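S.K.: The structure's right below; bear with me while I get my questions together.
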Amino acid sequence: MIVRKACGVLAVLTGAMAAGNANAQSSVQLYGLLDLSFPSYQSHAAANGGHVIGVGFHGEPWFSGSRWGLKGEEDIGGGSRIIFRLESEYVVANGTMDDPGQIFDRDAWVGIQNDVLGKLTAGFQNTIARDAAAIYGDPYGSAALGTEEGGWTNSNNFKQMIFYAGSATGTRYDNGIAWKKLFGSGLYASAGYAFSNSTSFASGSTSQVALGYNGGAFNLAGFYSHVNNAGLANQTFSFGGNYSIDVVRMNAGYFHYTGGQGTLGKRHDDAWTVSFKLSPRGSLDYELGYQQMRVHHAAYGIDGNVPNANLGSEFNSSTGLHDGFKETLYGSVFYHLSKRTELYLAGDYMRLHGGYTVASTFGAKNQIELTSGIRTRF
């Protein structure tokens, strides 16, 4: 939704904006998305093994976080534009901030985009590995690589795989710089670095590169990531892609992770995902996916569970090292009321094997999530 600036209200300014450049244009856009899951069911949602029926999962929707934001650009001539984005996530079920105390908890960056040199941004933003792997991480995002931020469905039981593409501070860079370029031949390249902003320059930093190719019916991508978390080195490489034929899209990807655990040695993970999307003519589409995350010689964190990739920095040495895996089967049906609004039915089944544990099951070895919901954009 575009709004005009009048009497201090946000707006779109058109016309000559810069002295000496009569063709300069500037725009600011207000946009957002609301996602509400109701009714929702989650098994093994308490220490006594009980289930929960309510709105969302601890208030969160199944599909993706609700958000609002501002994005803008100014044409400065020579094929270059100054760009920015501020984006905040909130919970529709209770009206609270998703991350209390951090108003722009999804994006806060500024940059420059040039038709020849690509897009360079600095600030709080997605990791470039997350954006590259989004084309095979699940069936819900874009099939093709691009310079806009992507993401995976990450408010449900298969969300942890996204952390393999993360940084020392989560799935976004704090104090990060990112470059992306989509070439006319279909080749895609990107690189990112997050500063620690401390006297220990490398500790807390993240370095990533990604390459990909848009081939029309098929698209490929891969990345390499090095994360230094409190002096512990974590490395990930991943590759995958998707293939579309008629109304069917197939996605698959693989991740290999090595995580430092101090005196407890290195943890090794192998994870893979496969998913499908069926989009026949009409208002309905269907998604089905499966993922498996295997850990080898993993130490538990101080909470007694396997830490998400790249985030573990404190470990409980008394509980030993563990092998195991988590597998999740998920599916959904979407009914599109319009280009902006859709209804959905969705669910997932997660099962834990061996020494793989997660906090959300309270010691149980499996969990079911079922819901219906509505998503609308402005």
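Residues are referred to by chain and number: the chain letter is A, B, ... according to the order shown in the structure tokens, the number counts from 1 in that chain, and ligands are numbered separately from 1 in the order shown.
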Find the residues around region 314-331 of chain A up to 6 Å (only C-alpha atoms counted), leave out those fewer than 6 positions away in its own chain, and share them as a VMD selection string.

M.R.: chain A and resid 287 to 302 346 to 356

S.K.: Could you write out the selected residues, including N, CA, C and O atoms, as a short mmCIF file (atom, residue, chain, number, x, y, z; two decimals), in the first residue's frame?

M.R.:
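Output (out_3.cif):
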```
data_model
loop_
_atom_site.label_atom_id
_atom_site.label_comp_id
_atom_site.auth_asym_id
_atom_site.auth_seq_id
_atom_site.Cartn_x
_atom_site.Cartn_y
_atom_site.Cartn_z
N GLU A 287 0.98 -28.80 -0.53
CA GLU A 287 2.39 -28.93 -0.22
C GLU A 287 2.61 -30.15 0.67
O GLU A 287 1.80 -30.45 1.56
N LEU A 288 3.73 -30.84 0.43
CA LEU A 288 4.11 -31.99 1.24
C LEU A 288 5.62 -32.02 1.35
O LEU A 288 6.32 -31.83 0.34
N GLY A 289 6.14 -32.25 2.56
CA GLY A 289 7.60 -32.24 2.73
C GLY A 289 8.06 -33.17 3.84
O GLY A 289 7.29 -33.56 4.73
N TYR A 290 9.34 -33.52 3.76
CA TYR A 290 9.98 -34.36 4.77
C TYR A 290 11.41 -33.87 4.97
O TYR A 290 12.08 -33.49 4.00
N GLN A 291 11.87 -33.88 6.20
CA GLN A 291 13.26 -33.51 6.47
C GLN A 291 13.82 -34.39 7.58
O GLN A 291 13.08 -34.90 8.43
N GLN A 292 15.14 -34.56 7.55
CA GLN A 292 15.81 -35.35 8.57
C GLN A 292 17.10 -34.64 8.96
O GLN A 292 17.88 -34.23 8.09
N MET A 293 17.33 -34.50 10.26
CA MET A 293 18.52 -33.83 10.79
C MET A 293 19.24 -34.81 11.72
O MET A 293 18.74 -35.13 12.79
N ARG A 294 20.42 -35.27 11.29
CA ARG A 294 21.20 -36.24 12.07
C ARG A 294 22.38 -35.55 12.75
O ARG A 294 23.11 -34.79 12.11
N VAL A 295 22.57 -35.83 14.03
CA VAL A 295 23.72 -35.30 14.76
C VAL A 295 24.62 -36.44 15.19
O VAL A 295 24.16 -37.55 15.51
N HIS A 296 25.93 -36.17 15.18
CA HIS A 296 26.93 -37.15 15.60
C HIS A 296 27.84 -36.48 16.62
O HIS A 296 28.37 -35.39 16.37
N HIS A 297 28.01 -37.11 17.80
CA HIS A 297 28.89 -36.60 18.85
C HIS A 297 28.47 -35.19 19.29
O HIS A 297 29.32 -34.31 19.48
N ALA A 298 27.18 -35.00 19.46
CA ALA A 298 26.66 -33.69 19.86
C ALA A 298 26.58 -33.59 21.38
O ALA A 298 26.06 -34.50 22.06
N ALA A 299 27.08 -32.50 21.92
CA ALA A 299 26.93 -32.21 23.35
C ALA A 299 25.62 -31.46 23.57
O ALA A 299 25.19 -30.66 22.73
N TYR A 300 25.00 -31.71 24.72
CA TYR A 300 23.80 -30.95 25.07
C TYR A 300 24.20 -29.55 25.55
O TYR A 300 25.26 -29.35 26.13
N GLY A 301 23.32 -28.60 25.31
CA GLY A 301 23.49 -27.28 25.88
C GLY A 301 23.15 -27.29 27.36
O GLY A 301 22.78 -28.32 27.94
N ILE A 302 23.23 -26.12 27.97
CA ILE A 302 22.97 -26.05 29.41
C ILE A 302 21.50 -26.33 29.74
O ILE A 302 21.16 -26.61 30.89
N ALA A 346 -3.01 -27.04 7.84
CA ALA A 346 -1.61 -27.46 7.87
C ALA A 346 -1.36 -28.33 9.09
O ALA A 346 -2.09 -28.29 10.08
N GLY A 347 -0.29 -29.12 9.00
CA GLY A 347 0.10 -29.95 10.13
C GLY A 347 1.47 -30.55 9.93
O GLY A 347 2.01 -30.56 8.82
N ASP A 348 2.06 -31.02 11.03
CA ASP A 348 3.34 -31.71 10.94
C ASP A 348 3.43 -32.75 12.04
O ASP A 348 2.76 -32.67 13.08
N TYR A 349 4.26 -33.76 11.78
CA TYR A 349 4.54 -34.81 12.76
C TYR A 349 6.05 -34.91 12.92
O TYR A 349 6.77 -35.15 11.94
N MET A 350 6.55 -34.68 14.12
CA MET A 350 7.98 -34.73 14.41
C MET A 350 8.27 -35.92 15.31
O MET A 350 7.55 -36.18 16.28
N ARG A 351 9.34 -36.64 14.98
CA ARG A 351 9.76 -37.76 15.82
C ARG A 351 11.26 -37.66 16.09
O ARG A 351 12.05 -37.36 15.18
N LEU A 352 11.66 -37.91 17.35
CA LEU A 352 13.04 -37.83 17.79
C LEU A 352 13.59 -39.24 18.00
O LEU A 352 12.90 -40.12 18.52
N HIS A 353 14.85 -39.43 17.60
CA HIS A 353 15.49 -40.74 17.71
C HIS A 353 16.82 -40.61 18.44
O HIS A 353 17.55 -39.62 18.27
N GLY A 354 17.17 -41.64 19.21
CA GLY A 354 18.46 -41.67 19.89
C GLY A 354 18.59 -40.54 20.88
O GLY A 354 17.68 -40.23 21.67
N GLY A 355 19.75 -39.86 20.83
CA GLY A 355 20.02 -38.80 21.79
C GLY A 355 19.58 -37.42 21.36
O GLY A 355 19.95 -36.43 21.99
N TYR A 356 18.80 -37.32 20.28
CA TYR A 356 18.32 -36.01 19.83
C TYR A 356 17.15 -35.58 20.71
O TYR A 356 16.13 -36.26 20.78
#
```

S.K.: Would you list the contacts of Phe57 (chain A) as a PyMOL selection string, taking every protein, DNA or RNA residue within 12 Å and counting only C-alpha atoms, but skipping same-chain residues closer than 4 positions in sequence?

M.R.: chain A and resi 36-43+45+51-53+61-65+91-93+155-157+347+360+368-373

S.K.: Would you return as number ranges by chain the members of region 40-263 of chain A that DSSP assigns to alpha helix (DSSP H) on this structure's backbone?

M.R.: A: 128-137

S.K.: Would you mind listing what lies within 12 Å of Gly282 (chain A) as a VMD selection string, with only C-alpha atoms counted and same-chain residues fewer than 6 positions away left out?

M.R.: chain A and resid 247 334 to 338

S.K.: Pick out each residue of region 72-299 of chain A that DSSP on the backbone tags as strand (DSSP E); I need them as a PyMOL selection string.

M.R.: chain A and resi 72-77+80-90+107-114+118-126+172-182+187-194+206-214+218-229+232-245+248-260+266-278+284-299

S.K.: Those same residues - C-alpha atoms - I'd like them written as a short mmCIF file (atom, residue, chain, number, x, y, z; two decimals), in the first residue's frame.

M.R.:
```
data_model
loop_
_atom_site.label_atom_id
_atom_site.label_comp_id
_atom_site.auth_asym_id
_atom_site.auth_seq_id
_atom_site.Cartn_x
_atom_site.Cartn_y
_atom_site.Cartn_z
CA GLY A 72 12.03 2.80 0.11
CA GLU A 73 14.39 3.84 -2.62
CA GLU A 74 15.80 6.96 -4.21
CA ASP A 75 17.11 7.14 -7.76
CA ILE A 76 20.47 8.91 -7.60
CA GLY A 77 21.23 8.52 -11.29
CA SER A 80 21.95 3.46 -8.99
CA ARG A 81 19.36 3.63 -6.22
CA ILE A 82 19.68 4.16 -2.49
CA ILE A 83 17.48 1.57 -0.76
CA PHE A 84 16.38 0.81 2.81
CA ARG A 85 14.07 -1.45 4.80
CA LEU A 86 12.71 -1.42 8.36
CA GLU A 87 10.60 -4.44 9.31
CA SER A 88 9.03 -5.51 12.60
CA GLU A 89 7.38 -8.81 13.62
CA TYR A 90 4.41 -9.06 15.96
CA ASP A 107 15.14 -5.91 9.07
CA ALA A 108 16.95 -2.62 9.67
CA TRP A 109 19.32 -1.90 6.79
CA VAL A 110 20.32 0.64 4.17
CA GLY A 111 22.19 0.11 0.92
CA ILE A 112 22.75 0.83 -2.74
CA GLN A 113 21.58 -1.09 -5.79
CA ASN A 114 23.18 -0.74 -9.20
CA GLY A 118 24.45 -5.51 -7.90
CA LYS A 119 22.95 -4.89 -4.47
CA LEU A 120 24.99 -3.95 -1.37
CA THR A 121 23.27 -3.56 2.01
CA ALA A 122 24.47 -2.97 5.58
CA GLY A 123 22.71 -3.49 8.90
CA PHE A 124 20.39 -6.10 10.42
CA GLN A 125 19.26 -8.48 7.65
CA ASN A 126 18.88 -12.07 6.45
CA ARG A 172 20.03 -12.89 10.41
CA TYR A 173 23.21 -10.87 10.58
CA ASP A 174 23.76 -8.38 13.35
CA ASN A 175 26.11 -5.66 12.03
CA GLY A 176 26.12 -7.36 8.65
CA ILE A 177 27.10 -6.50 5.10
CA ALA A 178 25.59 -8.40 2.18
CA TRP A 179 26.20 -8.30 -1.58
CA LYS A 180 23.97 -9.99 -4.16
CA LYS A 181 24.03 -10.05 -7.93
CA LEU A 182 21.80 -11.78 -10.47
CA LEU A 187 24.03 -17.00 -12.70
CA TYR A 188 23.57 -15.80 -9.12
CA ALA A 189 26.31 -14.84 -6.65
CA SER A 190 26.28 -13.41 -3.13
CA ALA A 191 28.56 -12.86 -0.16
CA GLY A 192 28.02 -11.72 3.40
CA TYR A 193 29.99 -10.82 6.51
CA ALA A 194 28.80 -9.99 10.02
CA THR A 206 30.14 -14.77 10.26
CA SER A 207 31.50 -15.21 6.71
CA GLN A 208 29.38 -16.68 3.89
CA VAL A 209 29.37 -17.07 0.12
CA ALA A 210 26.66 -18.49 -2.14
CA LEU A 211 26.34 -19.37 -5.82
CA GLY A 212 23.35 -20.41 -7.86
CA TYR A 213 21.77 -20.69 -11.26
CA ASN A 214 18.26 -19.93 -12.52
CA PHE A 218 15.29 -26.05 -12.79
CA ASN A 219 17.16 -23.85 -10.32
CA LEU A 220 20.27 -24.68 -8.30
CA ALA A 221 22.03 -23.09 -5.32
CA GLY A 222 24.67 -23.77 -2.71
CA PHE A 223 26.55 -21.97 0.04
CA TYR A 224 29.52 -22.16 2.39
CA SER A 225 29.37 -20.64 5.85
CA HIS A 226 31.95 -20.07 8.59
CA VAL A 227 30.61 -18.89 11.94
CA ASN A 228 32.78 -18.03 14.93
CA ASN A 229 30.60 -18.24 18.03
CA LEU A 232 34.13 -21.88 18.53
CA ALA A 233 34.38 -22.51 14.79
CA ASN A 234 31.27 -23.75 12.96
CA GLN A 235 31.22 -24.60 9.26
CA THR A 236 28.38 -25.54 6.91
CA PHE A 237 28.20 -26.36 3.24
CA SER A 238 24.93 -27.00 1.47
CA PHE A 239 23.56 -27.50 -2.01
CA GLY A 240 20.17 -28.18 -3.54
CA GLY A 241 17.60 -26.99 -5.99
CA ASN A 242 14.17 -27.46 -7.48
CA TYR A 243 12.59 -28.69 -10.69
CA SER A 244 9.17 -27.74 -12.03
CA ILE A 245 7.18 -29.68 -14.57
CA VAL A 248 4.36 -29.78 -9.92
CA ARG A 249 7.48 -28.39 -8.23
CA MET A 250 10.01 -30.71 -6.53
CA ASN A 251 12.64 -29.42 -4.08
CA ALA A 252 15.60 -31.17 -2.45
CA GLY A 253 18.69 -30.11 -0.51
CA TYR A 254 21.54 -31.35 1.69
CA PHE A 255 23.45 -29.72 4.59
CA HIS A 256 26.70 -30.80 6.23
CA TYR A 257 27.63 -29.03 9.46
CA THR A 258 30.66 -29.20 11.75
CA GLY A 259 30.30 -27.42 15.08
CA GLY A 260 32.95 -26.63 17.64
CA LYS A 266 33.46 -31.40 17.15
CA ARG A 267 29.86 -32.15 16.37
CA HIS A 268 28.99 -33.39 12.88
CA ASP A 269 25.52 -33.06 11.34
CA ASP A 270 24.08 -34.39 8.10
CA ALA A 271 20.67 -33.07 7.15
CA TRP A 272 18.50 -33.33 4.06
CA THR A 273 15.11 -32.21 2.90
CA VAL A 274 12.70 -33.06 0.10
CA SER A 275 9.36 -31.42 -0.66
CA PHE A 276 6.70 -31.03 -3.33
CA LYS A 277 4.19 -28.38 -4.35
CA LEU A 278 1.16 -29.05 -6.53
CA LEU A 284 -6.09 -24.49 -4.33
CA ASP A 285 -2.48 -25.59 -3.94
CA TYR A 286 -0.98 -28.46 -1.96
CA GLU A 287 2.39 -28.93 -0.22
CA LEU A 288 4.11 -31.99 1.24
CA GLY A 289 7.60 -32.24 2.73
CA TYR A 290 9.98 -34.36 4.77
CA GLN A 291 13.26 -33.51 6.47
CA GLN A 292 15.81 -35.35 8.57
CA MET A 293 18.52 -33.83 10.79
CA ARG A 294 21.20 -36.24 12.07
CA VAL A 295 23.72 -35.30 14.76
CA HIS A 296 26.93 -37.15 15.60
CA HIS A 297 28.89 -36.60 18.85
CA ALA A 298 26.66 -33.69 19.86
CA ALA A 299 26.93 -32.21 23.35
#
```

S.K.: Please compute the CA of Gly150 (chain A)-CA of Gly184 (chain A) distance, one decimal, in Å.

M.R.: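 Separation of CA of Gly150 (chain A) and CA of Gly184 (chain A): 20.2 Å.
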